[in-house]
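To start, the structure under review is shown below, and the notes come after it.
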Amino acid sequence: MKNILNVLCVFISIFVFSQTQSVKKDPTKKGTKTTIKKTLSASKPNADLVVINKELPVLIPKKKGDQFGYVNQNGKFIIQPEYHIAVFFYEDCNLLNSPNEKVRKFGTKDYATVEKNMISYRIDQSGKRVYQFKETDFGKCKFEEYKQQLFQAYILNGFYGIIEKSKFVNAADYRQFQIYPQYQYLFILEGDDVANPMIVASNNDKFGIIDVNNRIIIPFEYSNIKRNFSWKLGKMFEVTKDGSNYYYIDANNKTY
């Protein structure tokens with residue numbers, strides 16, 4: 001009889017184990033400790049995501065050879081270079097407004113878009129590919145109200161300057177210029193602070209960055225500075241000295 005009972009007990013144990021989804025967990029002391037330990041482990045921050053400059057992203061795209069990965073603010077590769085394209089961790093409005101509710105979370109700024117072998121993914125900060133783009137998942141972007149630029153470039157006698165559009169009337173009056181035309185080229189970068197934009201400038205065939213008060217932010221030592229959204233998305237500039245190898249610098253001219 002004992003043998004029969006033992007067999008029945010084993011059978012019942014196996015059955016209960018296989019049906020764990022429909023049975024409540026035993027709230028024993030040991031089980032509680034295990035649950036707490038897992039929770040703490042899951043919420044533990046990544047020590048490699050150091051923050052030296054609060055204005056910069058914790059992960060910055062960087063090219064090594066022909067591939068892109070991501071480095072932290074110390075320049076250490078956290079996500080190894082394996083992608084043809086890698087952009088900043090930032091919102092993707094197509095996914096945020098997706099008709100598929102399950103993929104909307106991948107549109108948040110916690111994820112970045114990368115491309116490998118002509119396939120685009122969203123990755124998390126550990127480098128894990130969590131989503132592969134599908135056109136059927138794309139929603140319609142809801143754009144914020146456009147911030148009208150206060151300043152614009154103005155060309156006079158072949159040189160570039162800056163004017164404040166609402167105040168400028170007479171080009172013959174030098175006092176009406178925010179920056180009197182003196183540069184080979186000027187381009188106002190897209191940014192959130194329209195009252196103090198960053199401006200790509202060219203002087204003596206070299207590129208640098210100035211502000212609207214003609215203060216030099218980045219010295220004129222680069223052969224080119226890209227006119228893209230790197231300042232708006234990451235508070236960084238994409239620069240090159242040889243015309244082919246581009247990399248990111250911050251507003252202190254620190255290289256990443």
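Numbering starts fresh at 1 for the residues of each chain in the structure tokens, the chains themselves are lettered A, B, ... in the order given, and ligands are numbered from 1 as they appear.
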- Message: What's around stretch 185-189 of chain A at 10 Å? Count only C-alpha atoms, leave out sequence neighbours fewer than 3 positions away in its own chain, and write the answer as a ChimeraX atom specification.
- Response: /A:149,151-155,158-162,181-182,192,194,197-203,205,207-212,226-232,237
- Once DSSP has gone over the backbone, tell me which residues of stretch 110-242 of chain A are in strand (DSSP E), as JSON, numbers by chain. {"A": [112, 113, 114, 115, 116, 119, 120, 121, 122, 123, 129, 130, 131, 132, 151, 152, 153, 154, 155, 156, 159, 160, 161, 162, 163, 164, 177, 178, 179, 180, 181, 182, 183, 185, 186, 187, 188, 199, 200, 201, 202, 203, 206, 207, 208, 209, 210, 216, 217, 218, 219, 220, 221, 222, 224, 225, 237, 238, 239, 240]}
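Nearest residue to A:Lys142, choosing from A:Asn94, A:Asn46, A:Ser120, A:Gln73 and counting only C-alpha atoms: A:Asn94.
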- Please identify all polymer residues within 8 Å of A:Leu95, counting only C-alpha atoms, omitting same-chain residues fewer than 5 positions from it, and present them as number ranges by chain. A: 103-107, 137-139
- Task: For A:Glu82, please output as a list of chain:residue names all residues within 10 Å (counting only C-alpha atoms; exclusion window: fewer than 5 positions along the same chain).
- Result: A:Lys63, A:Lys64, A:Gly65, A:Asp66, A:Gln67, A:Phe68, A:Gly69, A:Tyr70, A:Val114, A:Glu115, A:Lys116, A:Asn117
- Interatomic distance (Å, one decimal) between atom CA of A:Ile216 and atom CA of A:Gly75: 25.2 Å
- Item | Long-range neighbours of A:Lys254 as a VMD selection string, 12 Å cut-off, only C-alpha atoms, 2 positions minimum in chain | chain A and resid 53 56 73 to 75 217 to 219 236 to 239 247 to 252 256
Could those residues be written to a file, using N, CA and C atoms, as a PDB file, in the first residue's frame?
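Writing done, so here's result-v6.pdb:
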ATOM      1  N   ASN A  53      28.664  63.618 -18.349  1.00  0.00           N
ATOM      2  CA  ASN A  53      28.011  64.843 -18.815  1.00  0.00           C
ATOM      3  C   ASN A  53      26.522  64.551 -18.962  1.00  0.00           C
ATOM      4  N   LEU A  56      24.632  64.694 -22.391  1.00  0.00           N
ATOM      5  CA  LEU A  56      24.939  63.752 -23.468  1.00  0.00           C
ATOM      6  C   LEU A  56      24.217  62.428 -23.272  1.00  0.00           C
ATOM      7  N   GLN A  73      30.199  57.114 -22.149  1.00  0.00           N
ATOM      8  CA  GLN A  73      30.810  58.445 -22.100  1.00  0.00           C
ATOM      9  C   GLN A  73      32.303  58.396 -21.785  1.00  0.00           C
ATOM     10  N   ASN A  74      32.812  57.223 -21.423  1.00  0.00           N
ATOM     11  CA  ASN A  74      34.257  57.039 -21.244  1.00  0.00           C
ATOM     12  C   ASN A  74      34.932  56.546 -22.525  1.00  0.00           C
ATOM     13  N   GLY A  75      34.121  56.309 -23.576  1.00  0.00           N
ATOM     14  CA  GLY A  75      34.674  55.833 -24.843  1.00  0.00           C
ATOM     15  C   GLY A  75      34.814  54.326 -24.933  1.00  0.00           C
ATOM     16  N   ILE A 217      32.477  78.129 -30.360  1.00  0.00           N
ATOM     17  CA  ILE A 217      32.187  76.983 -29.500  1.00  0.00           C
ATOM     18  C   ILE A 217      33.152  75.842 -29.822  1.00  0.00           C
ATOM     19  N   ILE A 218      33.294  75.545 -31.106  1.00  0.00           N
ATOM     20  CA  ILE A 218      34.235  74.520 -31.598  1.00  0.00           C
ATOM     21  C   ILE A 218      35.227  75.222 -32.517  1.00  0.00           C
ATOM     22  N   PRO A 219      36.534  75.089 -32.269  1.00  0.00           N
ATOM     23  CA  PRO A 219      37.529  75.796 -33.085  1.00  0.00           C
ATOM     24  C   PRO A 219      37.497  75.369 -34.548  1.00  0.00           C
ATOM     25  N   MET A 236      25.520  66.735 -29.736  1.00  0.00           N
ATOM     26  CA  MET A 236      26.844  66.425 -30.243  1.00  0.00           C
ATOM     27  C   MET A 236      26.948  66.868 -31.703  1.00  0.00           C
ATOM     28  N   PHE A 237      28.192  66.967 -32.178  1.00  0.00           N
ATOM     29  CA  PHE A 237      28.452  67.337 -33.566  1.00  0.00           C
ATOM     30  C   PHE A 237      29.214  66.209 -34.241  1.00  0.00           C
ATOM     31  N   GLU A 238      28.856  65.927 -35.506  1.00  0.00           N
ATOM     32  CA  GLU A 238      29.529  64.878 -36.270  1.00  0.00           C
ATOM     33  C   GLU A 238      30.559  65.531 -37.186  1.00  0.00           C
ATOM     34  N   VAL A 239      31.830  65.263 -36.927  1.00  0.00           N
ATOM     35  CA  VAL A 239      32.904  66.000 -37.573  1.00  0.00           C
ATOM     36  C   VAL A 239      33.916  65.067 -38.231  1.00  0.00           C
ATOM     37  N   TYR A 247      33.331  61.332 -36.761  1.00  0.00           N
ATOM     38  CA  TYR A 247      33.148  60.914 -35.374  1.00  0.00           C
ATOM     39  C   TYR A 247      32.433  62.037 -34.625  1.00  0.00           C
ATOM     40  N   TYR A 248      32.000  61.738 -33.390  1.00  0.00           N
ATOM     41  CA  TYR A 248      31.235  62.710 -32.616  1.00  0.00           C
ATOM     42  C   TYR A 248      32.120  63.443 -31.615  1.00  0.00           C
ATOM     43  N   ILE A 249      31.824  64.736 -31.444  1.00  0.00           N
ATOM     44  CA  ILE A 249      32.430  65.531 -30.394  1.00  0.00           C
ATOM     45  C   ILE A 249      31.308  66.233 -29.632  1.00  0.00           C
ATOM     46  N   ASP A 250      31.581  66.631 -28.380  1.00  0.00           N
ATOM     47  CA  ASP A 250      30.587  67.396 -27.639  1.00  0.00           C
ATOM     48  C   ASP A 250      30.917  68.886 -27.745  1.00  0.00           C
ATOM     49  N   ALA A 251      30.162  69.722 -27.016  1.00  0.00           N
ATOM     50  CA  ALA A 251      30.337  71.172 -27.115  1.00  0.00           C
ATOM     51  C   ALA A 251      31.641  71.655 -26.500  1.00  0.00           C
ATOM     52  N   ASN A 252      32.357  70.736 -25.828  1.00  0.00           N
ATOM     53  CA  ASN A 252      33.680  71.063 -25.274  1.00  0.00           C
ATOM     54  C   ASN A 252      34.800  70.556 -26.179  1.00  0.00           C
ATOM     55  N   TYR A 256      34.570  61.375 -29.072  1.00  0.00           N
ATOM     56  CA  TYR A 256      33.994  60.105 -28.610  1.00  0.00           C
ATOM     57  C   TYR A 256      34.132  59.059 -29.725  1.00  0.00           C
TER      58      TYR A 256
END
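The interatomic distance for the pair atom CA of A:Cys141 and atom CA of A:Lys165 works out to 29.5 Å.
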- Item | Between atom CA of A:Ile163 and atom CA of A:Asn214, distance in Å (one decimal) | 11.9 Å
- Task: Can you list, as JSON, numbers by chain, all residues belonging to stretch 23-201 of chain A that DSSP tags as helix (DSSP H, G or I)?
- Result: {"A": [29, 30, 31, 32, 33, 34, 35, 36, 37, 38, 39, 40, 41, 42, 43, 93, 94, 95, 96, 101, 102, 103, 104, 105, 106, 107, 135, 136, 137, 174, 175, 176]}
